[in-house]
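S.K.: Below is data-v2.pdb; it holds PDB, C-alpha atoms, pLDDT in the B column.
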```pdb
ATOM      1  CA  MET I  31      -6.772  -7.853 -18.099  1.00 88.00           C
ATOM      2  CA  PHE I  32      -7.371  -8.731 -14.451  1.00 90.00           C
ATOM      3  CA  LEU I  33     -10.888  -9.701 -13.383  1.00 86.00           C
ATOM      4  CA  SER I  34     -12.001 -10.626  -9.887  1.00 85.00           C
ATOM      5  CA  GLY I  35     -15.088 -11.862  -8.112  1.00 78.00           C
ATOM      6  CA  ARG I  36     -16.621 -13.311 -11.272  1.00 72.00           C
ATOM      7  CA  GLY I  37     -17.676 -16.868 -11.908  1.00 69.00           C
ATOM      8  CA  THR I  38     -18.464 -16.566 -15.609  1.00 72.00           C
ATOM      9  CA  PRO I  39     -18.475 -13.747 -18.131  1.00 71.00           C
ATOM     10  CA  THR I  40     -22.259 -14.070 -18.513  1.00 68.00           C
ATOM     11  CA  TYR I  41     -23.042 -13.837 -14.798  1.00 65.00           C
ATOM     12  CA  HIS I  42     -25.838 -11.246 -14.597  1.00 66.00           C
ATOM     13  CA  ASN I  43     -28.171 -12.384 -11.803  1.00 66.00           C
ATOM     14  CA  VAL I  44     -26.360 -10.824  -8.890  1.00 71.00           C
ATOM     15  CA  LEU I  45     -29.071 -10.198  -6.290  1.00 77.00           C
ATOM     16  CA  SER I  46     -32.648 -11.425  -5.951  1.00 77.00           C
ATOM     17  CA  ARG I  47     -33.909  -8.565  -8.155  1.00 83.00           C
ATOM     18  CA  PRO I  48     -32.197  -5.931 -10.296  1.00 86.00           C
ATOM     19  CA  VAL I  49     -30.449  -3.409  -8.059  1.00 88.00           C
ATOM     20  CA  ARG I  50     -32.501  -0.533  -9.517  1.00 87.00           C
ATOM     21  CA  HIS I  51     -35.595  -2.103  -7.900  1.00 90.00           C
ATOM     22  CA  LEU I  52     -34.047  -2.437  -4.422  1.00 91.00           C
ATOM     23  CA  SER I  53     -34.376   0.052  -1.598  1.00 92.00           C
ATOM     24  CA  ASP I  54     -31.204   0.966   0.245  1.00 91.00           C
ATOM     25  CA  GLN I  55     -32.142  -1.413   3.069  1.00 89.00           C
ATOM     26  CA  GLU I  56     -32.825  -4.271   0.628  1.00 91.00           C
ATOM     27  CA  LEU I  57     -29.489  -3.615  -1.077  1.00 90.00           C
ATOM     28  CA  ILE I  58     -27.655  -3.642   2.252  1.00 89.00           C
ATOM     29  CA  ALA I  59     -29.395  -6.909   3.192  1.00 88.00           C
ATOM     30  CA  GLY I  60     -28.542  -8.422  -0.214  1.00 86.00           C
ATOM     31  CA  LEU I  61     -24.876  -7.567   0.276  1.00 85.00           C
ATOM     32  CA  ASP I  62     -24.750 -10.009   3.196  1.00 81.00           C
ATOM     33  CA  ALA I  63     -24.221 -12.802   0.648  1.00 74.00           C
ATOM     34  CA  TYR I  64     -20.929 -11.115  -0.259  1.00 76.00           C
ATOM     35  CA  GLY I  65     -19.747 -10.653   3.297  1.00 76.00           C
ATOM     36  CA  GLY I  66     -21.851  -7.567   4.014  1.00 79.00           C
ATOM     37  CA  LEU I  67     -20.897  -3.963   4.395  1.00 82.00           C
ATOM     38  CA  PRO I  68     -18.537  -2.969   7.172  1.00 82.00           C
ATOM     39  CA  GLU I  69     -20.501  -1.561  10.104  1.00 83.00           C
ATOM     40  CA  ALA I  70     -18.677   1.755   9.637  1.00 84.00           C
ATOM     41  CA  VAL I  71     -20.522   2.090   6.305  1.00 85.00           C
ATOM     42  CA  ALA I  72     -23.818   0.302   6.987  1.00 85.00           C
ATOM     43  CA  GLY I  73     -24.376   2.034  10.327  1.00 87.00           C
ATOM     44  CA  HIS I  74     -23.448   5.559   9.288  1.00 88.00           C
ATOM     45  CA  GLU I  75     -25.827   7.644   7.162  1.00 90.00           C
ATOM     46  CA  LEU I  76     -23.135   9.777   5.496  1.00 92.00           C
ATOM     47  CA  MET I  77     -21.075   6.715   4.574  1.00 91.00           C
ATOM     48  CA  ARG I  78     -24.152   4.991   3.111  1.00 90.00           C
ATOM     49  CA  THR I  79     -24.892   8.157   1.117  1.00 92.00           C
ATOM     50  CA  LEU I  80     -21.363   8.111  -0.280  1.00 93.00           C
ATOM     51  CA  PHE I  81     -20.935   4.393  -0.971  1.00 91.00           C
ATOM     52  CA  LEU I  82     -24.363   3.010  -1.934  1.00 93.00           C
ATOM     53  CA  PRO I  83     -24.433   4.835  -5.311  1.00 94.00           C
ATOM     54  CA  ILE I  84     -20.991   3.371  -6.118  1.00 92.00           C
ATOM     55  CA  ILE I  85     -22.147  -0.114  -5.109  1.00 90.00           C
ATOM     56  CA  ARG I  86     -25.350   0.284  -7.134  1.00 90.00           C
ATOM     57  CA  ALA I  87     -23.333   1.300 -10.212  1.00 89.00           C
ATOM     58  CA  ASP I  88     -21.091  -1.754  -9.793  1.00 84.00           C
ATOM     59  CA  PHE I  89     -24.084  -4.100  -9.621  1.00 82.00           C
ATOM     60  CA  HIS I  90     -25.803  -2.298 -12.490  1.00 83.00           C
ATOM     61  CA  LEU I  91     -22.749  -2.943 -14.660  1.00 79.00           C
ATOM     62  CA  LEU I  92     -22.904  -6.648 -13.806  1.00 76.00           C
ATOM     63  CA  GLU I  93     -26.635  -6.818 -14.468  1.00 78.00           C
ATOM     64  CA  ASP I  94     -26.928  -4.768 -17.646  1.00 73.00           C
ATOM     65  CA  GLY I  95     -23.583  -3.427 -18.825  1.00 62.00           C
ATOM     66  CA  ALA I  96     -22.073  -6.730 -19.875  1.00 57.00           C
ATOM     67  CA  ARG I  97     -24.976  -7.321 -22.259  1.00 59.00           C
ATOM     68  CA  SER I  98     -23.664  -4.511 -24.452  1.00 57.00           C
ATOM     69  CA  ILE I  99     -20.325  -6.260 -24.974  1.00 59.00           C
ATOM     70  CA  ASP I 100     -19.907  -8.011 -28.288  1.00 61.00           C
ATOM     71  CA  GLU I 101     -18.709 -11.411 -27.084  1.00 62.00           C
ATOM     72  CA  ARG I 102     -17.933 -12.454 -30.659  1.00 66.00           C
ATOM     73  CA  VAL I 103     -14.935 -10.077 -30.634  1.00 71.00           C
ATOM     74  CA  PRO I 104     -12.180 -11.727 -28.584  1.00 78.00           C
ATOM     75  CA  VAL I 105     -10.074  -9.810 -26.095  1.00 83.00           C
ATOM     76  CA  ARG I 106      -6.484  -9.523 -27.323  1.00 86.00           C
ATOM     77  CA  SER I 107      -4.841  -9.423 -23.910  1.00 86.00           C
ATOM     78  CA  PRO I 108      -4.465 -12.415 -21.615  1.00 89.00           C
ATOM     79  CA  LEU I 109      -7.170 -12.730 -18.961  1.00 90.00           C
ATOM     80  CA  VAL I 110      -6.199 -13.288 -15.343  1.00 92.00           C
ATOM     81  CA  ILE I 111      -9.196 -14.385 -13.268  1.00 90.00           C
ATOM     82  CA  LEU I 112      -8.890 -13.904  -9.487  1.00 92.00           C
ATOM     83  CA  ASN I 113     -11.455 -15.372  -7.094  1.00 90.00           C
ATOM     84  CA  GLY I 114     -11.871 -16.190  -3.431  1.00 90.00           C
ATOM     85  CA  LYS I 115     -12.148 -19.909  -2.701  1.00 90.00           C
ATOM     86  CA  ASP I 116     -15.161 -19.301  -0.451  1.00 88.00           C
ATOM     87  CA  ASP I 117     -16.978 -16.829  -2.725  1.00 83.00           C
ATOM     88  CA  ALA I 118     -20.355 -18.385  -3.532  1.00 75.00           C
ATOM     89  CA  ALA I 119     -21.057 -15.529  -5.975  1.00 71.00           C
ATOM     90  CA  ALA I 120     -18.061 -16.461  -8.122  1.00 73.00           C
ATOM     91  CA  GLN I 121     -18.852 -20.039  -8.981  1.00 68.00           C
ATOM     92  CA  GLN I 122     -16.323 -21.826 -11.138  1.00 71.00           C
ATOM     93  CA  ALA I 123     -17.042 -21.455 -14.837  1.00 73.00           C
ATOM     94  CA  PRO I 124     -17.418 -24.543 -17.030  1.00 74.00           C
ATOM     95  CA  PRO I 125     -14.255 -25.375 -19.016  1.00 74.00           C
ATOM     96  CA  GLY I 126     -13.681 -23.148 -22.029  1.00 82.00           C
ATOM     97  CA  VAL I 127     -16.056 -20.308 -21.122  1.00 81.00           C
ATOM     98  CA  TRP I 128     -13.347 -17.770 -20.265  1.00 82.00           C
ATOM     99  CA  GLU I 129     -10.928 -19.196 -22.818  1.00 86.00           C
ATOM    100  CA  ALA I 130     -13.376 -18.427 -25.627  1.00 84.00           C
ATOM    101  CA  LEU I 131     -13.100 -14.708 -24.838  1.00 83.00           C
ATOM    102  CA  SER I 132      -9.344 -14.232 -25.214  1.00 85.00           C
ATOM    103  CA  VAL I 133      -6.968 -15.015 -28.045  1.00 88.00           C
ATOM    104  CA  SER I 134      -4.024 -14.669 -25.637  1.00 89.00           C
ATOM    105  CA  GLY I 135      -4.897 -17.197 -22.959  1.00 89.00           C
ATOM    106  CA  VAL I 136      -6.484 -17.297 -19.524  1.00 91.00           C
ATOM    107  CA  GLU I 137      -5.057 -17.943 -16.061  1.00 91.00           C
ATOM    108  CA  PHE I 138      -7.027 -18.689 -12.918  1.00 90.00           C
ATOM    109  CA  HIS I 139      -5.884 -17.812  -9.392  1.00 92.00           C
ATOM    110  CA  SER I 140      -7.831 -18.748  -6.246  1.00 91.00           C
ATOM    111  CA  TYR I 141      -7.144 -17.135  -2.903  1.00 94.00           C
ATOM    112  CA  ALA I 142      -8.278 -17.843   0.632  1.00 93.00           C
ATOM    113  CA  GLY I 143     -11.396 -15.906   1.536  1.00 90.00           C
ATOM    114  CA  GLY I 144     -14.807 -14.917   0.291  1.00 87.00           C
ATOM    115  CA  HIS I 145     -15.936 -12.176  -2.095  1.00 83.00           C
ATOM    116  CA  PHE I 146     -13.592  -9.658  -0.469  1.00 83.00           C
ATOM    117  CA  PHE I 147     -10.571 -11.971  -0.701  1.00 90.00           C
ATOM    118  CA  VAL I 148      -8.504  -9.071  -2.039  1.00 90.00           C
ATOM    119  CA  ASP I 149      -8.448  -7.473   1.421  1.00 88.00           C
ATOM    120  CA  GLU I 150      -6.863 -10.585   2.948  1.00 91.00           C
ATOM    121  CA  ASN I 151      -4.438 -11.227   0.071  1.00 94.00           C
ATOM    122  CA  LEU I 152      -3.537  -7.732  -1.085  1.00 94.00           C
ATOM    123  CA  GLN I 153       0.259  -8.091  -1.119  1.00 95.00           C
ATOM    124  CA  SER I 154       0.306 -11.332  -3.115  1.00 95.00           C
ATOM    125  CA  ILE I 155      -2.254  -9.943  -5.587  1.00 95.00           C
ATOM    126  CA  ILE I 156      -0.225  -6.761  -6.066  1.00 95.00           C
ATOM    127  CA  GLN I 157       2.863  -8.894  -6.650  1.00 95.00           C
ATOM    128  CA  LEU I 158       1.011 -10.997  -9.251  1.00 95.00           C
ATOM    129  CA  ILE I 159      -0.226  -7.880 -11.076  1.00 94.00           C
ATOM    130  CA  VAL I 160       3.259  -6.342 -11.103  1.00 93.00           C
ATOM    131  CA  GLU I 161       4.865  -9.559 -12.397  1.00 91.00           C
ATOM    132  CA  LYS I 162       2.254 -10.116 -15.106  1.00 89.00           C
ATOM    133  CA  SER I 163       2.345  -6.466 -16.174  1.00 87.00           C
ATOM    134  CA  LYS I 164       6.139  -6.471 -16.317  1.00 86.00           C
ATOM    135  CA  ARG I 165       6.167  -9.625 -18.476  1.00 81.00           C
ATOM    136  CA  GLY I 166       3.534  -8.140 -20.763  1.00 75.00           C
ATOM    137  CA  LEU I 167       5.547  -4.966 -21.244  1.00 73.00           C
ATOM    138  CA  GLU I 168       8.757  -6.891 -21.899  1.00 77.00           C
ATOM    139  CA  LYS I 169       6.960  -9.171 -24.368  1.00 76.00           C
ATOM    140  CA  ASN I 170       5.916  -6.052 -26.304  1.00 71.00           C
ATOM    141  CA  GLY I 171       9.459  -4.664 -26.406  1.00 73.00           C
ATOM    142  CA  VAL I 172       9.211  -2.244 -23.497  1.00 72.00           C
ATOM    143  CA  SER I 173      12.170  -2.438 -21.141  1.00 71.00           C
ATOM    144  CA  PHE I 174      11.345  -2.400 -17.466  1.00 62.00           C
ATOM    145  CA  GLN I 175      13.694  -0.831 -14.932  1.00 66.00           C
ATOM    146  CA  GLY I 176      13.272  -1.405 -11.218  1.00 58.00           C
TER     147      GLY I 176
END
```
Rewrite the structure from the file as structure tokens, please.
M.R.:
Amino acid sequence: MFLSGRGTPTYHNVLSRPVRHLSDQELIAGLDAYGGLPEAVAGHELMRTLFLPIIRADFHLLEDGARSIDERVPVRSPLVILNGKDDAAAQQAPPGVWEALSVSGVEFHSYAGGHFFVDENLQSIIQLIVEKSKRGLEKNGVSFQG
């Protein structure tokens, strides 16, 4: 399981208030802490109409959705945590926090950049995902061609 932009599994306080209580303008302003929205989205009404509901759903999952997870049941797959070195929203978790969630181990990978580090490091992240996925398949007896 690959997770990115997260400091700890219990990180719920994303913005100053729950996203359901924020106007569109307050949400856009709150996103500045994450590097902001591209001007092509923030400055265009149709793009805001398309993307703000998706962004709200993402934040809602962080705020409320994780509370429904039974953290006493460990994840069986290895966890691979990806974060940007300059992402203030993804503070480093205390030792053992992520490890307590998986019976198959945890790996941490830091990349140059902020919350949207994936944009700047896409090729190396794709390569990591392919390599880890290939090893996982082979470990479970699935041969990998290519």
S.K.: If we count only C-alpha atoms, what is near Ser140 of chain I at a cut-off of 6 Å, once residues fewer than 3 positions away on the same chain are taken out, given as a ChimeraX atom specification?
M.R.: /I:112-115
S.K.: Put those residues in a file: C-alpha atoms, as a CSV table (one decimal), keeping the file's coordinate frame.
M.R.:
```csv
chain,number,residue,atom,x,y,z
I,112,LEU,CA,-8.9,-13.9,-9.5
I,113,ASN,CA,-11.5,-15.4,-7.1
I,114,GLY,CA,-11.9,-16.2,-3.4
I,115,LYS,CA,-12.1,-19.9,-2.7
```
S.K.: For this file, the PyMOL selection byres ((chain I and resi 111) around 7) selects which residues, as a PDB file with C-alpha atoms, in the frame of the given file?
M.R.:
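Listing of part-v5.pdb after writing:
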```pdb
ATOM      1  CA  PHE I  32      -7.371  -8.731 -14.451  1.00 90.00           C
ATOM      2  CA  LEU I  33     -10.888  -9.701 -13.383  1.00 86.00           C
ATOM      3  CA  SER I  34     -12.001 -10.626  -9.887  1.00 85.00           C
ATOM      4  CA  LEU I 109      -7.170 -12.730 -18.961  1.00 90.00           C
ATOM      5  CA  VAL I 110      -6.199 -13.288 -15.343  1.00 92.00           C
ATOM      6  CA  LEU I 112      -8.890 -13.904  -9.487  1.00 92.00           C
ATOM      7  CA  ASN I 113     -11.455 -15.372  -7.094  1.00 90.00           C
ATOM      8  CA  GLU I 137      -5.057 -17.943 -16.061  1.00 91.00           C
ATOM      9  CA  PHE I 138      -7.027 -18.689 -12.918  1.00 90.00           C
ATOM     10  CA  HIS I 139      -5.884 -17.812  -9.392  1.00 92.00           C
TER      11      HIS I 139
END
```
S.K.: Check the smallest atom-to-atom distance from each of I:Ala70, I:Val49, I:Ala142, I:Val44 to Ile84 of chain I using all atoms listed in the file, then report the winner.
M.R.: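 Using all atoms listed in the file, Ile84 of chain I sits closest to I:Val49.
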S.K.: Which polymer residues have any atom within 12 Å of an atom of Pro68 of chain I, counting all atoms listed in the file, with same-chain residues fewer than 2 positions away left out, as a PyMOL selection string?
M.R.: chain I and resi 58+61-62+64-66+70-74+77-78+81+146
S.K.: Considering only C-alpha atoms, can you say which of I:Ser107, I:Leu91, I:Ile155, I:Ala119 comes closest to Lys169 of chain I?
M.R.: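 Using only C-alpha atoms, Lys169 of chain I sits closest to I:Ser107.
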S.K.: Tell me which protein, DNA and RNA residues are within 10 Å of Leu45 of chain I, counting only C-alpha atoms, leaving out same-chain ones fewer than 2 positions away, and put them as a VMD selection string.
M.R.: chain I and resid 42 to 43 47 to 49 52 56 to 57 60 to 61 63 89 93 119
S.K.: Quick check, in Å to one decimal: how far apart do atom CA of Val103 of chain I and atom CA of Ser132 of chain I lie?
M.R.: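 Atom-to-atom, atom CA of Val103 of chain I to atom CA of Ser132 of chain I, that is 8.8 Å.
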S.K.: Tell me, in Å to one decimal, how far atom CA of Ala130 of chain I is from atom CA of Thr38 of chain I.
M.R.: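 One can read the atom CA of Ala130 of chain I to atom CA of Thr38 of chain I distance as 11.4 Å.
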S.K.: Enclose segment 144-147 of chain I, meaning all of its atoms listed in the file, in a box aligned along x, y and z, pad it by 4 Å on each side, and list the centre and edge lengths in Å to one decimal, as JSON.
M.R.:
```
{"center_x": -13.3, "center_y": -12.3, "center_z": -0.9, "size_x": 13.4, "size_y": 13.3, "size_z": 10.4}
```
S.K.: Within 8 Å of Asp117 of chain I, counting only C-alpha atoms, which residues show up once you throw out same-chain ones fewer than 5 positions away? Write them as a list in words, please.
M.R.: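 The residues satisfying every condition are Gly35, Tyr64, Gly143, Gly144 and His145 of chain I.
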